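As stored in model22.tsv (TSV, C-alpha atoms):
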chain	number	residue	atom	x	y	z
A	1	MET	CA	132.03	112.38	140.30
A	2	TYR	CA	129.63	111.90	137.40
A	3	THR	CA	126.23	112.85	138.88
A	4	PHE	CA	122.77	112.43	137.43
A	5	ASP	CA	122.63	116.15	136.61
A	6	ASN	CA	125.85	115.94	134.64
A	7	TYR	CA	124.61	112.85	132.84
A	8	PHE	CA	121.32	114.57	131.99
A	9	ILE	CA	123.11	117.67	130.64
A	10	ASP	CA	125.54	115.49	128.66
A	11	CYS	CA	122.63	113.67	126.99
A	12	LEU	CA	120.89	116.94	126.14
A	13	VAL	CA	124.07	118.41	124.64
A	14	LYS	CA	124.58	115.34	122.45
A	15	ILE	CA	120.98	115.34	121.23
A	16	PHE	CA	121.06	119.09	120.59
A	17	ALA	CA	124.34	118.82	118.65
A	18	ALA	CA	122.78	116.11	116.49
A	19	PHE	CA	119.71	118.31	116.00
A	20	VAL	CA	121.88	121.19	114.76
A	21	CYS	CA	123.67	118.91	112.28
A	22	GLY	CA	120.44	117.51	110.85
A	23	LEU	CA	118.82	120.96	110.76
A	24	SER	CA	121.75	122.52	108.90
A	25	LEU	CA	121.87	119.82	106.24
A	26	GLY	CA	118.07	119.80	105.96
A	27	ILE	CA	117.91	123.55	105.33
A	28	GLU	CA	120.51	123.18	102.57
A	29	ARG	CA	118.41	120.47	100.89
A	30	LYS	CA	115.21	122.52	101.17
A	31	ILE	CA	116.85	125.60	99.68
A	32	ARG	CA	117.78	123.49	96.67
A	33	LEU	CA	114.24	122.01	96.50
A	34	HIS	CA	115.33	118.40	96.95
A	35	THR	CA	113.17	115.57	98.22
A	36	VAL	CA	115.08	114.89	101.44
A	37	GLY	CA	113.95	117.59	103.83
A	38	ILE	CA	114.61	119.08	107.24
A	39	ARG	CA	112.53	116.66	109.33
A	40	THR	CA	114.04	113.59	107.69
A	41	LEU	CA	117.63	114.62	108.32
A	42	VAL	CA	116.93	115.84	111.85
A	43	LEU	CA	115.29	112.52	112.73
A	44	ILE	CA	118.16	110.53	111.20
A	45	SER	CA	120.80	112.53	113.06
A	46	VAL	CA	119.00	112.50	116.43
A	47	ALA	CA	118.03	108.82	116.16
A	48	SER	CA	121.61	107.85	115.27
A	49	THR	CA	122.84	109.71	118.34
A	50	LEU	CA	120.28	108.00	120.55
A	51	MET	CA	121.20	104.53	119.26
A	52	GLY	CA	124.89	105.26	119.76
A	53	MET	CA	124.17	106.32	123.35
A	54	ILE	CA	122.06	103.21	123.94
A	55	SER	CA	124.87	101.02	122.62
A	56	TYR	CA	127.30	102.58	125.08
A	57	GLU	CA	124.90	102.51	128.03
A	58	MET	CA	123.99	98.86	127.52
A	59	ALA	CA	127.65	97.92	127.71
A	60	GLN	CA	128.44	100.13	130.72
A	61	ARG	CA	125.31	100.04	132.87
A	62	PHE	CA	124.02	96.51	132.31
A	63	MET	CA	127.38	94.81	131.70
A	64	VAL	CA	126.21	93.28	128.44
A	65	GLN	CA	128.70	90.79	127.06
A	66	GLY	CA	129.95	91.41	123.54
A	67	ASP	CA	130.97	94.32	121.39
A	68	PRO	CA	129.31	97.59	122.51
A	69	THR	CA	129.64	98.97	118.95
A	70	ARG	CA	127.31	96.39	117.42
A	71	ILE	CA	124.27	98.69	117.54
A	72	ALA	CA	126.26	101.51	115.94
A	73	ALA	CA	127.41	99.10	113.21
A	74	GLY	CA	123.79	98.13	112.64
A	75	VAL	CA	122.87	101.80	112.28
A	76	VAL	CA	125.53	102.28	109.60
A	77	THR	CA	124.24	99.23	107.72
A	78	GLY	CA	120.58	100.17	108.05
A	79	ILE	CA	121.04	103.76	106.92
A	80	GLY	CA	122.07	102.43	103.51
A	81	PHE	CA	118.46	101.39	102.88
A	82	VAL	CA	117.24	104.89	103.69
A	83	GLY	CA	119.85	106.42	101.39
A	84	GLY	CA	118.93	103.98	98.64
A	85	GLY	CA	115.34	105.20	98.82
A	86	ALA	CA	116.51	108.72	97.97
A	87	ILE	CA	118.06	107.61	94.66
A	88	MET	CA	115.82	107.77	91.62
A	89	HIS	CA	116.55	106.61	88.07
A	90	GLN	CA	114.92	108.66	85.33
A	91	GLY	CA	115.92	107.35	81.93
A	92	MET	CA	119.65	108.00	81.58
A	93	ASN	CA	119.63	110.40	84.54
A	94	ILE	CA	120.22	109.39	88.14
A	95	LYS	CA	118.92	111.74	90.83
A	96	GLY	CA	119.35	111.67	94.58
A	97	LEU	CA	122.96	110.50	94.90
A	98	THR	CA	123.95	113.67	96.75
A	99	SER	CA	120.94	113.36	99.08
A	100	ALA	CA	121.87	109.73	99.78
A	101	ALA	CA	125.42	110.82	100.62
A	102	ILE	CA	124.03	113.53	102.92
A	103	ILE	CA	121.94	110.92	104.74
A	104	TRP	CA	125.10	108.83	105.21
A	105	ALA	CA	127.06	111.84	106.53
A	106	ASP	CA	124.15	112.85	108.77
A	107	CYS	CA	124.10	109.40	110.35
A	108	ALA	CA	127.87	109.51	110.89
A	109	MET	CA	127.64	112.89	112.61
A	110	GLY	CA	124.83	111.61	114.81
A	111	LEU	CA	126.97	108.68	115.96
A	112	ALA	CA	129.89	111.05	116.55
A	113	CYS	CA	127.65	113.23	118.74
A	114	SER	CA	126.72	110.16	120.79
A	115	MET	CA	130.41	109.79	121.63
A	116	GLY	CA	130.75	113.47	122.53
A	117	ALA	CA	133.15	114.03	119.63
A	118	TYR	CA	131.89	117.55	119.02
A	119	PHE	CA	135.04	118.90	117.40
A	120	VAL	CA	135.19	116.33	114.59
A	121	THR	CA	131.42	116.59	114.21
A	122	GLY	CA	131.67	120.36	113.79
A	123	VAL	CA	134.51	120.06	111.30
A	124	THR	CA	132.57	117.45	109.32
A	125	LEU	CA	129.44	119.64	109.31
A	126	ILE	CA	131.39	122.69	108.08
A	127	ILE	CA	133.14	120.67	105.37
A	128	SER	CA	129.82	119.08	104.30
A	129	LEU	CA	128.03	122.44	104.02
A	130	THR	CA	131.00	123.99	102.23
A	131	THR	CA	131.05	121.10	99.78
A	132	LEU	CA	127.32	121.37	99.11
A	133	VAL	CA	127.18	125.17	98.76
A	134	VAL	CA	130.55	126.38	97.48
A	135	LEU	CA	131.49	123.38	95.34
A	136	GLY	CA	127.89	123.24	94.10
A	137	ILE	CA	128.23	126.78	92.75
A	138	ALA	CA	131.65	126.03	91.24
A	139	GLU	CA	130.35	122.83	89.64
A	140	SER	CA	127.40	124.66	88.08
A	141	ARG	CA	129.74	127.32	86.70
A	142	PHE	CA	132.56	125.19	85.30
A	143	PHE	CA	130.61	121.99	84.53
A	144	PRO	CA	127.12	123.28	83.68
A	145	ALA	CA	125.98	120.36	81.53
A	146	GLU	CA	124.60	117.65	83.81
A	147	LYS	CA	121.33	116.15	82.49
A	148	SER	CA	121.14	113.71	79.58
A	149	LYS	CA	118.46	114.49	77.00
A	150	ASN	CA	117.64	113.90	73.34
A	151	LEU	CA	117.87	116.74	70.84
A	152	VAL	CA	116.11	116.36	67.50
A	153	LEU	CA	116.71	118.78	64.63
A	154	ILE	CA	114.73	118.57	61.38
A	155	TYR	CA	116.08	120.46	58.37
A	156	GLU	CA	114.61	121.04	54.97
A	157	GLY	CA	116.69	119.37	52.29
A	158	SER	CA	120.08	117.76	52.84
A	159	VAL	CA	122.62	118.78	55.47
A	160	THR	CA	126.39	118.75	55.00
A	161	ASN	CA	127.65	121.22	57.63
A	162	LEU	CA	127.48	118.89	60.61
A	163	GLU	CA	130.50	120.46	62.34
A	164	GLU	CA	128.86	123.90	62.25
A	165	ILE	CA	125.71	122.43	63.80
A	166	LYS	CA	127.73	120.87	66.60
A	167	LYS	CA	129.49	124.19	67.20
A	168	ALA	CA	126.12	125.95	67.39
A	169	ILE	CA	124.92	123.45	70.00
A	170	THR	CA	128.11	123.95	72.03
A	171	TYR	CA	127.81	127.76	71.75
A	172	ALA	CA	124.34	127.54	73.34
A	173	HIS	CA	125.93	125.83	76.41
A	174	PHE	CA	124.99	122.26	75.51
A	175	VAL	CA	127.38	119.31	75.19
A	176	SER	CA	126.67	117.02	72.25
A	177	ARG	CA	127.60	113.36	72.43
A	178	ASP	CA	126.38	110.75	69.94
A	179	MET	CA	124.60	111.69	66.72
A	180	ASP	CA	122.28	109.81	64.36
A	181	ILE	CA	121.30	111.14	60.96
A	182	SER	CA	118.51	110.12	58.61
A	183	HIS	CA	116.96	111.55	55.43
A	184	SER	CA	113.34	111.31	54.28
A	185	ILE	CA	113.14	111.15	50.49
A	186	GLU	CA	109.38	111.76	50.39
A	187	SER	CA	109.40	114.94	52.48
A	188	ASN	CA	112.98	115.92	51.58
A	189	GLU	CA	113.92	116.36	55.24
A	190	THR	CA	117.11	115.58	57.15
A	191	ILE	CA	116.66	114.45	60.75
A	192	LEU	CA	119.52	114.77	63.23
A	193	ARG	CA	119.27	113.12	66.63
A	194	PHE	CA	121.82	114.11	69.26
A	195	SER	CA	122.47	112.74	72.73
A	196	ILE	CA	123.24	115.90	74.71
A	197	LYS	CA	124.05	117.11	78.20
A	198	THR	CA	122.04	120.14	79.30
A	199	PRO	CA	122.59	122.71	82.07
A	200	ARG	CA	120.12	122.94	84.96
A	201	GLU	CA	118.59	125.98	83.29
A	202	TYR	CA	118.76	126.45	79.57
A	203	SER	CA	117.07	128.51	76.87
A	204	LEU	CA	115.49	126.63	73.98
A	205	SER	CA	115.03	129.91	72.12
A	206	GLU	CA	118.77	130.63	72.36
A	207	LEU	CA	119.59	127.18	71.02
A	208	THR	CA	117.00	127.62	68.24
A	209	GLU	CA	118.50	130.93	67.16
A	210	GLU	CA	121.99	129.45	66.99
A	211	VAL	CA	120.92	126.32	65.09
A	212	LYS	CA	118.80	128.33	62.60
A	213	LYS	CA	122.01	129.92	61.35
A	214	THR	CA	123.21	126.52	60.09
A	215	GLY	CA	120.40	125.79	57.64
A	216	LYS	CA	116.66	125.72	56.95
A	217	LEU	CA	115.51	124.47	60.34
A	218	LYS	CA	111.92	123.21	60.37
A	219	LYS	CA	111.63	121.72	63.84
A	220	ILE	CA	113.62	121.44	67.08
A	221	SER	CA	112.78	119.44	70.21
A	222	ILE	CA	114.47	118.40	73.46
A	223	THR	CA	113.08	115.37	75.26
A	224	GLU	CA	114.01	113.19	78.23
A	225	LYS	CA	115.92	109.99	77.58
Can you give me the file's structure in the form of structure tokens?
Amino acid sequence: MYTFDNYFIDCLVKIFAAFVCGLSLGIERKIRLHTVGIRTLVLISVASTLMGMISYEMAQRFMVQGDPTRIAAGVVTGIGFVGGGAIMHQGMNIKGLTSAAIIWADCAMGLACSMGAYFVTGVTLIISLTTLVVLGIAESRFFPAEKSKNLVLIYEGSVTNLEEIKKAITYAHFVSRDMDISHSIESNETILRFSIKTPREYSLSELTEEVKKTGKLKKISITEK
């Protein structure tokens, strides 16, 4: 027989499982210095669990007519607004997509905890953390260029060795995309403007040293798009 003590323990286990999920994902975000933090993800996970439990209890205890999953469906819809608030657009760069996806996954795990589906919740949590940590390292190593910026190079005189300049940019771990070129007759300067992808951490001095080998470099700058 399902006693009050068993019911109380079951509720505590579900809430605690949701707390662990939110805490684990929150710590990962904090380690990476992202906006979405521990408290936010814990609250999302625990609140999702609570609303899932309420949805079930309303259908079972009070014999409410209708679909008992309507509250859970509303949670899934509403969490999209929270995730959307984590996405920021900075010029050509979009930040926060991963955090928004984590919020979505956190909500899903909270609802799974409300059902007592601890196994699938645990598997999802492990896969999520593995994706964020292990694949994050692999992505940084094999696909280091991720932010769009503008690179401006100003040379004295005319420039003809454009391919060598592009190779120098690539050698310094940047990925060059589009290029515009202009020449000032008055100052006898050639201005090259590149659209580039930069790694998370890069050395402007290293890029400068490589580009200086291609001609009489007067000025170099990297700016946000």
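Using all atoms listed in the file, the shortest contact distance between Tyr171 in chain A and any of A:Thr208, A:Ser158, A:Ser55, A:Ser195 is found at A:Thr208.
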> What lies within 10 Å of range 77-84 of chain A using only C-alpha atoms, ignoring chain neighbours under 5 positions off, as JSON, numbers by chain?
Replying inline: {"A": [36, 44, 48, 71, 72, 96, 97, 98, 99, 100, 101, 102, 103, 104, 106, 107, 108]}
>> Restricting the calculation to only C-alpha atoms: of A:Gly116, A:Gly37, A:Gly215, A:Gly74, which residue gets closest to Leu162 in chain A?
In response: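 Of the candidates, the smallest distance to Leu162 in chain A is held by A:Gly215.
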> With all atoms listed in the file as the basis for distance, which of A:Glu163, A:Asp178, A:Glu186, A:Glu224 is at the shortest distance from Lys149 in chain A?
Replying inline: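 The shortest atom-to-atom distance to Lys149 in chain A comes from A:Glu224.
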> If you measure from CA of Val75 in chain A to CA of Leu129 in chain A, what distance in Å do you get, rounded to one decimal?
Replying inline: 22.8 Å
> Which is closest to Pro199 in chain A among A:His183, A:Lys166, A:Arg70, A:His173, if we use all atoms listed in the file?
Replying inline: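 Among the listed residues, A:His173 lies closest to Pro199 in chain A.
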For range 21-30 of chain A, what centre and edge lengths in Å (one decimal) does the axis-aligned box get once 6 Å is added on each side of all its listed atoms, as JSON?
{"center_x": 119.4, "center_y": 120.5, "center_z": 106.6, "size_x": 20.5, "size_y": 18.0, "size_z": 23.4}
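In this structure, CA of Ile126 in chain A sits 16.0 Å away from CA of Leu41 in chain A.
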>> Rounded to one decimal, what separation in Å do you get between CA of Asn150 in chain A and CA of Gly85 in chain A?
In response: 27.0 Å
> For Ile27 in chain A, which of A:Ile127, A:Leu151, A:Leu132, A:Ala86 is the closest residue, counting all atoms listed in the file?
Replying inline: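 Using all atoms listed in the file, Ile27 in chain A sits closest to A:Leu132.
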>> Using all atoms listed in the file, which protein or nucleic acid residues come within 12 Å of Val46 in chain A? Drop anything in the same chain fewer than 2 positions from it, and give the result as a PyMOL selection string.
In response: chain A and resi 11-23+39-44+48-53+106-114
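Minimum atom-to-atom distance to Thr190 in chain A, evaluated using all atoms listed in the file, belongs to A:Leu217 out of A:Met58, A:Leu217, A:Ala138, A:Leu125.
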Quick one: everything within 10 Å of Ile191 in chain A, counting all atoms listed in the file, minus sequence neighbours fewer than 4 positions away in the same chain. Send it as a short mmCIF file (atom, residue, chain, number, x, y, z; two decimals) with C-alpha atoms, in the coordinates of the input.
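Saved to out11.cif:
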data_model
loop_
_atom_site.label_atom_id
_atom_site.label_comp_id
_atom_site.auth_asym_id
_atom_site.auth_seq_id
_atom_site.Cartn_x
_atom_site.Cartn_y
_atom_site.Cartn_z
CA VAL A 152 116.11 116.36 67.50
CA LEU A 153 116.71 118.78 64.63
CA ILE A 154 114.73 118.57 61.38
CA TYR A 155 116.08 120.46 58.37
CA GLU A 156 114.61 121.04 54.97
CA GLY A 157 116.69 119.37 52.29
CA SER A 158 120.08 117.76 52.84
CA VAL A 159 122.62 118.78 55.47
CA ASP A 180 122.28 109.81 64.36
CA ILE A 181 121.30 111.14 60.96
CA SER A 182 118.51 110.12 58.61
CA HIS A 183 116.96 111.55 55.43
CA SER A 184 113.34 111.31 54.28
CA LYS A 218 111.92 123.21 60.37
CA LYS A 219 111.63 121.72 63.84
CA ILE A 220 113.62 121.44 67.08
#
Please return range 208-224 of chain A, rebuilt to N, CA and C atoms, as a short mmCIF file (atom, residue, chain, number, x, y, z; two decimals), in the coordinates of the input.
data_model
loop_
_atom_site.label_atom_id
_atom_site.label_comp_id
_atom_site.auth_asym_id
_atom_site.auth_seq_id
_atom_site.Cartn_x
_atom_site.Cartn_y
_atom_site.Cartn_z
N THR A 208 117.69 127.54 69.54
CA THR A 208 117.00 127.62 68.24
C THR A 208 117.63 128.67 67.34
N GLU A 209 117.91 129.84 67.93
CA GLU A 209 118.50 130.93 67.16
C GLU A 209 119.88 130.55 66.62
N GLU A 210 120.66 129.85 67.43
CA GLU A 210 121.99 129.45 66.99
C GLU A 210 121.91 128.39 65.88
N VAL A 211 121.02 127.42 66.05
CA VAL A 211 120.92 126.32 65.09
C VAL A 211 120.31 126.81 63.77
N LYS A 212 119.43 127.80 63.82
CA LYS A 212 118.80 128.33 62.60
C LYS A 212 119.83 128.93 61.65
N LYS A 213 120.96 129.32 62.20
CA LYS A 213 122.01 129.92 61.35
C LYS A 213 122.72 128.88 60.49
N THR A 214 122.49 127.58 60.79
CA THR A 214 123.21 126.52 60.09
C THR A 214 122.43 125.92 58.94
N GLY A 215 121.19 126.35 58.72
CA GLY A 215 120.40 125.79 57.64
C GLY A 215 118.92 126.09 57.79
N LYS A 216 118.11 125.50 56.92
CA LYS A 216 116.66 125.72 56.95
C LYS A 216 116.03 124.80 58.00
N LEU A 217 116.04 125.26 59.22
CA LEU A 217 115.51 124.47 60.34
C LEU A 217 113.99 124.49 60.32
N LYS A 218 113.38 123.31 60.37
CA LYS A 218 111.92 123.21 60.37
C LYS A 218 111.37 122.90 61.75
N LYS A 219 112.12 122.12 62.52
CA LYS A 219 111.63 121.72 63.84
C LYS A 219 112.79 121.42 64.77
N ILE A 220 112.63 121.75 66.05
CA ILE A 220 113.62 121.44 67.08
C ILE A 220 112.90 120.96 68.32
N SER A 221 113.42 119.94 68.97
CA SER A 221 112.78 119.44 70.21
C SER A 221 113.83 118.84 71.12
N ILE A 222 113.61 119.00 72.43
CA ILE A 222 114.47 118.40 73.46
C ILE A 222 113.58 117.56 74.35
N THR A 223 113.90 116.28 74.46
CA THR A 223 113.08 115.37 75.26
C THR A 223 113.96 114.58 76.22
N GLU A 224 113.31 114.03 77.28
CA GLU A 224 114.01 113.19 78.23
C GLU A 224 114.40 111.88 77.60
#
